[in-house]
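Colleague: Have a peek at run.tsv (TSV, C-alpha atoms).
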```
chain	number	residue	atom	x	y	z
Y	989	MET	CA	-3.85	-31.71	23.32
Y	990	ASP	CA	-4.15	-28.02	24.19
Y	991	GLU	CA	-0.97	-26.31	25.30
Y	992	VAL	CA	-0.66	-24.64	28.70
Y	993	ASN	CA	-0.02	-20.93	28.23
Y	994	VAL	CA	1.10	-18.73	31.10
Y	995	VAL	CA	-0.97	-15.54	30.94
Y	996	VAL	CA	0.59	-13.91	33.98
Y	997	ALA	CA	2.65	-15.25	36.85
Y	998	HIS	CA	4.32	-13.68	39.87
Y	999	SER	CA	4.80	-14.45	43.54
Y	1000	GLU	CA	1.20	-13.60	44.49
Y	1001	ARG	CA	-0.77	-15.49	41.83
Y	1002	ALA	CA	-0.70	-17.04	38.39
Y	1003	THR	CA	-3.15	-17.41	35.53
Y	1004	LEU	CA	-2.84	-20.21	33.00
Y	1005	ARG	CA	-4.82	-20.81	29.81
Y	1006	VAL	CA	-5.60	-24.30	28.56
Y	1007	GLY	CA	-7.73	-24.12	25.43
Y	1008	ASP	CA	-10.82	-22.08	26.32
Y	1009	VAL	CA	-10.34	-22.47	30.07
Y	1010	PHE	CA	-8.42	-20.11	32.35
Y	1011	LEU	CA	-7.02	-21.47	35.59
Y	1012	LYS	CA	-6.36	-18.84	38.25
Y	1013	VAL	CA	-4.10	-19.97	41.08
Y	1014	ASP	CA	-4.21	-17.70	44.13
Y	1015	THR	CA	-3.35	-18.51	47.73
Y	1016	ASP	CA	-5.38	-15.48	48.88
Y	1017	GLN	CA	-8.83	-17.03	49.06
Y	1018	ALA	CA	-10.42	-13.72	50.05
Y	1019	ARG	CA	-9.36	-12.34	46.70
Y	1020	ILE	CA	-10.94	-15.27	44.86
Y	1021	ASP	CA	-14.09	-14.96	47.02
Y	1022	VAL	CA	-14.48	-11.35	45.88
Y	1023	GLU	CA	-13.97	-12.28	42.25
Y	1024	VAL	CA	-16.62	-15.00	42.27
Y	1025	GLU	CA	-19.14	-12.90	44.21
Y	1026	ALA	CA	-18.60	-9.83	42.04
Y	1027	MET	CA	-19.13	-11.73	38.80
Y	1028	ALA	CA	-22.42	-13.05	40.16
Y	1029	LEU	CA	-23.66	-9.54	41.00
Y	1030	VAL	CA	-22.57	-7.15	38.27
Y	1031	PRO	CA	-24.91	-6.15	35.39
Y	1032	VAL	CA	-22.20	-6.56	32.72
Y	1033	PRO	CA	-20.92	-9.63	30.83
Y	1034	THR	CA	-18.41	-11.70	32.81
Y	1035	PRO	CA	-16.72	-15.10	32.39
Y	1036	GLU	CA	-18.59	-18.26	33.35
Y	1037	VAL	CA	-17.25	-19.90	36.50
Y	1038	LEU	CA	-16.67	-23.56	35.59
Y	1039	TRP	CA	-15.44	-24.88	38.93
Y	1040	ARG	CA	-13.51	-23.92	42.00
Y	1041	LYS	CA	-11.14	-26.02	44.05
Y	1042	PRO	CA	-8.92	-23.84	46.25
Y	1043	PRO	CA	-6.45	-22.50	45.42
Y	1044	VAL	CA	-7.64	-22.85	41.79
Y	1045	LEU	CA	-10.54	-21.10	40.06
Y	1046	ALA	CA	-11.50	-22.25	36.55
Y	1047	ILE	CA	-13.36	-19.83	34.30
Y	1048	ALA	CA	-14.36	-19.94	30.64
Y	1049	ALA	CA	-12.79	-17.66	28.08
Y	1050	VAL	CA	-15.00	-14.78	26.96
Y	1051	PRO	CA	-15.59	-14.15	23.24
Y	1052	GLY	CA	-14.07	-11.24	21.40
Y	1053	THR	CA	-10.69	-9.58	21.83
Y	1054	ALA	CA	-9.22	-7.30	24.46
Y	1055	LEU	CA	-9.92	-3.61	23.99
Y	1056	GLY	CA	-6.15	-3.16	23.87
Y	1057	ARG	CA	-2.97	-3.48	25.90
Y	1058	LEU	CA	-0.95	-0.95	27.82
Y	1059	GLY	CA	2.02	0.17	25.76
Y	1060	GLU	CA	0.46	-0.81	22.43
Y	1061	PRO	CA	-1.87	1.12	20.10
Y	1062	SER	CA	-5.47	-0.02	20.37
Y	1063	THR	CA	-7.09	-1.24	17.17
Y	1064	ALA	CA	-10.57	-1.13	18.71
Y	1065	SER	CA	-13.07	1.23	17.12
Y	1066	PRO	CA	-14.42	4.39	18.79
Y	1067	ALA	CA	-17.73	2.50	19.10
Y	1068	ALA	CA	-15.99	-0.24	21.10
Y	1069	TRP	CA	-14.44	2.31	23.45
Y	1070	ALA	CA	-17.84	3.97	23.86
Y	1071	ALA	CA	-19.43	0.59	24.60
Y	1072	ALA	CA	-16.82	0.06	27.30
Y	1073	GLY	CA	-17.78	3.41	28.81
Y	1074	ALA	CA	-21.47	2.44	28.76
Y	1075	ALA	CA	-20.69	-0.88	30.48
Y	1076	VAL	CA	-18.73	0.90	33.19
Y	1077	ARG	CA	-21.69	3.24	33.75
Y	1078	ARG	CA	-24.01	0.24	34.23
Y	1079	LEU	CA	-21.59	-1.18	36.78
Y	1080	HIS	CA	-21.37	2.11	38.66
Y	1081	GLU	CA	-25.16	2.36	38.81
Y	1082	ALA	CA	-25.51	-1.12	40.35
Y	1083	PRO	CA	-26.21	-1.50	44.08
Y	1084	LEU	CA	-23.07	-1.46	46.21
Y	1085	PRO	CA	-21.59	-4.88	46.96
Y	1086	PRO	CA	-21.99	-6.22	50.53
Y	1087	TRP	CA	-18.24	-6.28	51.20
Y	1088	PRO	CA	-16.16	-3.22	52.15
Y	1089	GLY	CA	-13.47	-3.48	49.48
Y	1090	ARG	CA	-9.86	-4.50	49.78
Y	1091	ARG	CA	-7.94	-1.21	49.60
Y	1092	ARG	CA	-8.07	2.58	49.28
Y	1093	GLN	CA	-11.19	3.08	51.31
Y	1094	GLY	CA	-11.08	6.86	51.37
Y	1095	PRO	CA	-8.99	9.95	50.62
Y	1096	ASP	CA	-6.96	9.81	53.85
Y	1097	GLU	CA	-5.92	6.22	53.15
Y	1098	VAL	CA	-5.06	7.09	49.54
Y	1099	ALA	CA	-2.96	10.06	50.64
Y	1100	ALA	CA	-1.04	8.03	53.21
Y	1101	GLU	CA	-0.35	5.22	50.75
Y	1102	LEU	CA	0.74	7.66	48.05
Y	1103	ASP	CA	3.07	9.64	50.32
Y	1104	GLY	CA	4.76	6.47	51.52
Y	1105	GLU	CA	5.15	5.17	47.98
Y	1106	CYS	CA	6.61	8.44	46.71
Y	1107	GLU	CA	9.22	8.37	49.46
Y	1108	LEU	CA	10.24	4.83	48.52
Y	1109	LEU	CA	10.40	5.60	44.80
Y	1110	VAL	CA	12.91	8.38	45.45
Y	1111	ALA	CA	14.84	6.72	48.29
Y	1112	ASN	CA	15.36	3.55	46.26
Y	1113	GLY	CA	16.34	5.42	43.11
Y	1114	ILE	CA	13.47	3.95	41.10
Y	1115	LEU	CA	12.28	7.31	39.74
Y	1116	PRO	CA	13.82	10.82	39.69
Y	1117	ALA	CA	12.69	13.08	42.51
Y	1118	ASP	CA	11.43	15.82	40.18
Y	1119	LEU	CA	9.24	13.36	38.26
Y	1120	VAL	CA	7.76	12.02	41.49
Y	1121	THR	CA	7.18	15.50	42.92
Y	1122	ARG	CA	5.47	16.80	39.78
Y	1123	ASN	CA	3.12	13.84	39.58
Y	1124	ARG	CA	2.44	13.88	43.32
Y	1125	GLN	CA	1.21	17.44	42.87
Y	1126	VAL	CA	-1.04	16.43	39.97
Y	1127	ALA	CA	-2.33	13.42	41.91
Y	1128	GLU	CA	-3.56	15.67	44.72
Y	1129	ALA	CA	-6.74	16.45	42.78
Y	1130	ALA	CA	-7.86	12.81	43.07
Y	1131	ILE	CA	-7.55	12.86	46.86
Y	1132	ARG	CA	-10.95	14.23	47.78
Y	1133	PRO	CA	-14.22	12.85	49.15
Y	1134	TRP	CA	-16.20	10.77	46.67
Y	1135	THR	CA	-19.52	8.99	46.63
Y	1136	ALA	CA	-18.77	5.27	46.55
Y	1137	VAL	CA	-20.06	3.20	43.63
Y	1138	PHE	CA	-19.60	-0.44	42.64
Y	1139	THR	CA	-16.15	-0.37	41.01
Y	1140	HIS	CA	-14.13	-3.02	39.22
Y	1141	GLY	CA	-11.03	-1.77	41.01
Y	1142	ASP	CA	-8.51	-2.91	38.38
Y	1143	LEU	CA	-10.17	-2.03	35.08
Y	1144	GLN	CA	-7.09	-2.31	32.89
Y	1145	ILE	CA	-7.65	-2.11	29.15
Y	1146	ASP	CA	-6.88	-5.80	28.66
Y	1147	HIS	CA	-9.58	-6.76	31.15
Y	1148	VAL	CA	-12.34	-5.54	28.78
Y	1149	PHE	CA	-13.23	-7.72	25.78
Y	1150	VAL	CA	-15.16	-6.46	22.77
Y	1151	ASP	CA	-16.53	-7.71	19.48
Y	1152	GLY	CA	-17.20	-4.89	17.05
Y	1153	GLY	CA	-19.05	-2.26	19.05
Y	1154	GLU	CA	-20.19	-4.58	21.85
Y	1155	VAL	CA	-18.60	-5.50	25.17
Y	1156	THR	CA	-18.51	-9.30	25.40
Y	1157	GLY	CA	-16.89	-9.70	28.79
Y	1158	ILE	CA	-15.04	-8.00	31.63
Y	1159	ILE	CA	-12.57	-10.16	33.54
Y	1160	ASP	CA	-10.43	-10.12	36.72
Y	1161	TRP	CA	-12.77	-8.90	39.47
Y	1162	SER	CA	-10.59	-9.64	42.52
Y	1163	GLU	CA	-10.26	-5.94	43.44
Y	1164	ALA	CA	-13.97	-5.14	43.03
Y	1165	GLY	CA	-15.71	-3.16	45.74
Y	1166	PRO	CA	-17.00	0.28	46.69
Y	1167	GLY	CA	-14.79	3.01	45.29
Y	1168	ASP	CA	-14.35	6.14	43.20
Y	1169	ALA	CA	-16.03	5.93	39.78
Y	1170	LEU	CA	-13.33	8.09	38.23
Y	1171	PHE	CA	-10.64	5.63	39.31
Y	1172	ASP	CA	-12.20	2.98	37.06
Y	1173	LEU	CA	-12.42	5.41	34.13
Y	1174	ALA	CA	-8.82	6.50	34.65
Y	1175	THR	CA	-7.57	2.92	34.85
Y	1176	LEU	CA	-9.38	1.98	31.65
Y	1177	THR	CA	-7.81	4.89	29.73
Y	1178	LEU	CA	-4.34	4.82	31.31
Y	1179	GLY	CA	-1.81	5.14	28.50
Y	1180	HIS	CA	-4.65	5.54	26.00
Y	1181	GLN	CA	-5.63	9.12	26.73
Y	1182	GLU	CA	-6.67	9.62	23.10
Y	1183	HIS	CA	-9.70	7.38	23.70
Y	1184	LEU	CA	-10.93	9.17	26.82
Y	1185	GLY	CA	-13.50	11.16	24.83
Y	1186	ASP	CA	-15.04	7.99	23.40
Y	1187	VAL	CA	-15.23	6.38	26.84
Y	1188	ILE	CA	-16.86	9.45	28.38
Y	1189	ALA	CA	-19.33	9.64	25.47
Y	1190	GLY	CA	-20.39	6.07	26.21
Y	1191	TYR	CA	-20.41	6.69	29.95
Y	1192	GLY	CA	-23.04	9.31	29.26
Y	1193	THR	CA	-22.45	11.92	31.94
Y	1194	ASP	CA	-20.05	14.75	32.59
Y	1195	VAL	CA	-16.95	13.88	34.58
Y	1196	ASP	CA	-14.09	15.97	35.93
Y	1197	LEU	CA	-11.25	15.35	33.50
Y	1198	ASP	CA	-8.69	16.88	35.86
Y	1199	ILE	CA	-9.50	14.18	38.42
Y	1200	ILE	CA	-9.11	11.45	35.81
Y	1201	ARG	CA	-5.70	12.89	34.89
Y	1202	ALA	CA	-4.86	12.99	38.58
Y	1203	TRP	CA	-5.73	9.30	38.88
Y	1204	TRP	CA	-3.43	8.55	35.92
Y	1205	SER	CA	-0.55	10.01	37.91
Y	1206	LEU	CA	-1.67	8.48	41.18
Y	1207	ARG	CA	-2.16	4.97	39.85
Y	1208	SER	CA	1.17	5.08	38.03
Y	1209	LEU	CA	3.04	6.26	41.12
Y	1210	LEU	CA	1.48	3.49	43.20
Y	1211	GLY	CA	2.17	0.83	40.59
Y	1212	VAL	CA	5.77	1.37	39.48
Y	1213	ARG	CA	7.61	-0.20	42.42
Y	1214	TRP	CA	5.27	-3.21	42.58
Y	1215	LEU	CA	5.76	-3.84	38.87
Y	1216	VAL	CA	9.54	-3.67	39.16
Y	1217	GLU	CA	9.59	-6.01	42.17
Y	1218	HIS	CA	7.39	-8.56	40.38
Y	1219	GLY	CA	9.40	-8.72	37.17
Y	1220	PHE	CA	7.43	-6.32	34.98
Y	1221	ASP	CA	8.78	-3.26	33.16
Y	1222	PRO	CA	6.87	-0.05	33.89
Y	1223	ALA	CA	9.42	1.84	31.77
Y	1224	ALA	CA	8.43	0.03	28.57
Y	1225	PRO	CA	7.18	2.42	25.87
Y	1226	GLY	CA	3.70	3.70	26.60
Y	1227	CYS	CA	3.55	2.26	30.12
Y	1228	GLU	CA	3.47	3.81	33.59
Y	1229	VAL	CA	6.76	5.72	33.47
Y	1230	ASP	CA	5.83	7.25	30.12
Y	1231	VAL	CA	2.46	8.24	31.61
Y	1232	LEU	CA	4.30	10.01	34.43
Y	1233	ARG	CA	6.67	11.73	32.01
Y	1234	SER	CA	3.76	13.02	29.91
Y	1235	THR	CA	2.29	14.85	32.90
Y	1236	ARG	CA	2.48	18.64	32.73
```
Please lay out the structure from this file as structure tokens.
Modeller:
Amino acid sequence: MDEVNVVVAHSERATLRVGDVFLKVDTDQARIDVEVEAMALVPVPTPEVLWRKPPVLAIAAVPGTALGRLGEPSTASPAAWAAAGAAVRRLHEAPLPPWPGRRRQGPDEVAAELDGECELLVANGILPADLVTRNRQVAEAAIRPWTAVFTHGDLQIDHVFVDGGEVTGIIDWSEAGPGDALFDLATLTLGHQEHLGDVIAGYGTDVDLDIIRAWWSLRSLLGVRWLVEHGFDPAAPGCEVDVLRSTR
């Protein structure tokens, strides 16, 4: 009998793996709705939906291995990173989804969320004030008007699976919606800045690297407190706090 492995679990949702099946348990049905609809629309490989019985969604495992993990060196080849960039470009060129997106709808909303989060990080003693201030200044470059594209919305490195130089699947689409293309590229390369050139080569068009760096700071600032409160360690080597410390 296959063992039940806990992939991730916190107060909002949990993902379990049983053999080649992933069971996603989420009481937020709107989030699951987005995930199922997005996987049906996007022009990139995604998991097969096996069945759905709220609050559980069952999906098949995708072949290949994750491009990497935050805090660990990636063993994927430059060709695999470039293939990930090409897949993201195909996604961004797809027609916009028919839903508005779940968060960060524009620069004013991003700025308000970031300012509030920075205040809490300092007030609660989670991060030093000088580290927050420096990264808030860097993050400012990302807060500008953008042309919305179809974004994954949470394109972490371990959400992209590859086999050799081919993308075999992209998972976890619950945050998909219209958004800033450079946010996806920044999320994919967060903590793996050395692979940014390969990703951009595969993406196939010039991008503003300063804005990607700004999103590294912005995403990290927005994520640290949530991670701490849900039992994760953003101060682990190579993770969000190290990303913030590396900012100049």
Colleague: Neighbours of Y:Ile1188 within 12 Å (only C-alpha atoms; same-chain residues fewer than 5 positions away dropped), as a ChimeraX atom specification?
Modeller: /Y:1066-1067,1069-1077,1169-1170,1172-1174,1176-1177,1181-1183,1193-1197,1200
Colleague: Would you mind exporting C-alpha atoms of the selected residues as a short mmCIF file (atom, residue, chain, number, x, y, z; two decimals), keeping the file's coordinate frame?
Modeller:
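Writing the result to part.cif gives the following:
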```
data_model
loop_
_atom_site.label_atom_id
_atom_site.label_comp_id
_atom_site.auth_asym_id
_atom_site.auth_seq_id
_atom_site.Cartn_x
_atom_site.Cartn_y
_atom_site.Cartn_z
CA PRO Y 1066 -14.42 4.39 18.79
CA ALA Y 1067 -17.73 2.50 19.10
CA TRP Y 1069 -14.44 2.31 23.45
CA ALA Y 1070 -17.84 3.97 23.86
CA ALA Y 1071 -19.43 0.59 24.60
CA ALA Y 1072 -16.82 0.06 27.30
CA GLY Y 1073 -17.78 3.41 28.81
CA ALA Y 1074 -21.47 2.44 28.76
CA ALA Y 1075 -20.69 -0.88 30.48
CA VAL Y 1076 -18.73 0.90 33.19
CA ARG Y 1077 -21.69 3.24 33.75
CA ALA Y 1169 -16.03 5.93 39.78
CA LEU Y 1170 -13.33 8.09 38.23
CA ASP Y 1172 -12.20 2.98 37.06
CA LEU Y 1173 -12.42 5.41 34.13
CA ALA Y 1174 -8.82 6.50 34.65
CA LEU Y 1176 -9.38 1.98 31.65
CA THR Y 1177 -7.81 4.89 29.73
CA GLN Y 1181 -5.63 9.12 26.73
CA GLU Y 1182 -6.67 9.62 23.10
CA HIS Y 1183 -9.70 7.38 23.70
CA THR Y 1193 -22.45 11.92 31.94
CA ASP Y 1194 -20.05 14.75 32.59
CA VAL Y 1195 -16.95 13.88 34.58
CA ASP Y 1196 -14.09 15.97 35.93
CA LEU Y 1197 -11.25 15.35 33.50
CA ILE Y 1200 -9.11 11.45 35.81
#
```
Colleague: Write out as a PyMOL selection string which residues come within 9 Å of Y:Ala1026 when counting only C-alpha atoms, dropping same-chain ones fewer than 6 positions away.
Modeller: chain Y and resi 1085+1140+1161-1162+1164-1165
Colleague: Measuring between all atoms listed in the file, which one of Y:Gly1211, Y:Gly1007, Y:Pro1043, Y:Pro1088 shows the shortest distance to Y:Pro1166?
Modeller: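 The shortest atom-to-atom distance to Y:Pro1166 comes from Y:Pro1088.
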Colleague: Which one of Y:Ile1131, Y:Val1148, Y:Leu1079, Y:Val1212 sits closest to Y:Leu1232 if you count all atoms listed in the file?
Modeller: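 Checking each of Y:Ile1131, Y:Val1148, Y:Leu1079, Y:Val1212 against Y:Leu1232, counting all atoms listed in the file, the winner is Y:Val1212.
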Colleague: In file coordinates, which residues lie within 12 Å of (2.0, -13.1, 40.3) using only C-alpha atoms, given as a list of chain:residue names?
Modeller: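 Selection result: Y:Val994, Y:Val995, Y:Val996, Y:Ala997, Y:His998, Y:Ser999, Y:Glu1000, Y:Arg1001, Y:Ala1002, Y:Thr1003, Y:Leu1004, Y:Lys1012, Y:Val1013, Y:Asp1014, Y:Thr1015, Y:Asp1016, Y:Trp1214, Y:Leu1215, Y:Glu1217, Y:His1218, Y:Gly1219, Y:Phe1220.
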Colleague: Filtering to C-alpha atoms, could you give me those residues as a PDB file, in the frame of the given file?
Modeller:
```pdb
ATOM      1  CA  VAL Y 994       1.100 -18.730  31.100  1.00  0.00           C
ATOM      2  CA  VAL Y 995      -0.970 -15.540  30.940  1.00  0.00           C
ATOM      3  CA  VAL Y 996       0.590 -13.910  33.980  1.00  0.00           C
ATOM      4  CA  ALA Y 997       2.650 -15.250  36.850  1.00  0.00           C
ATOM      5  CA  HIS Y 998       4.320 -13.680  39.870  1.00  0.00           C
ATOM      6  CA  SER Y 999       4.800 -14.450  43.540  1.00  0.00           C
ATOM      7  CA  GLU Y1000       1.200 -13.600  44.490  1.00  0.00           C
ATOM      8  CA  ARG Y1001      -0.770 -15.490  41.830  1.00  0.00           C
ATOM      9  CA  ALA Y1002      -0.700 -17.040  38.390  1.00  0.00           C
ATOM     10  CA  THR Y1003      -3.150 -17.410  35.530  1.00  0.00           C
ATOM     11  CA  LEU Y1004      -2.840 -20.210  33.000  1.00  0.00           C
ATOM     12  CA  LYS Y1012      -6.360 -18.840  38.250  1.00  0.00           C
ATOM     13  CA  VAL Y1013      -4.100 -19.970  41.080  1.00  0.00           C
ATOM     14  CA  ASP Y1014      -4.210 -17.700  44.130  1.00  0.00           C
ATOM     15  CA  THR Y1015      -3.350 -18.510  47.730  1.00  0.00           C
ATOM     16  CA  ASP Y1016      -5.380 -15.480  48.880  1.00  0.00           C
ATOM     17  CA  TRP Y1214       5.270  -3.210  42.580  1.00  0.00           C
ATOM     18  CA  LEU Y1215       5.760  -3.840  38.870  1.00  0.00           C
ATOM     19  CA  GLU Y1217       9.590  -6.010  42.170  1.00  0.00           C
ATOM     20  CA  HIS Y1218       7.390  -8.560  40.380  1.00  0.00           C
ATOM     21  CA  GLY Y1219       9.400  -8.720  37.170  1.00  0.00           C
ATOM     22  CA  PHE Y1220       7.430  -6.320  34.980  1.00  0.00           C
TER      23      PHE Y1220
END
```
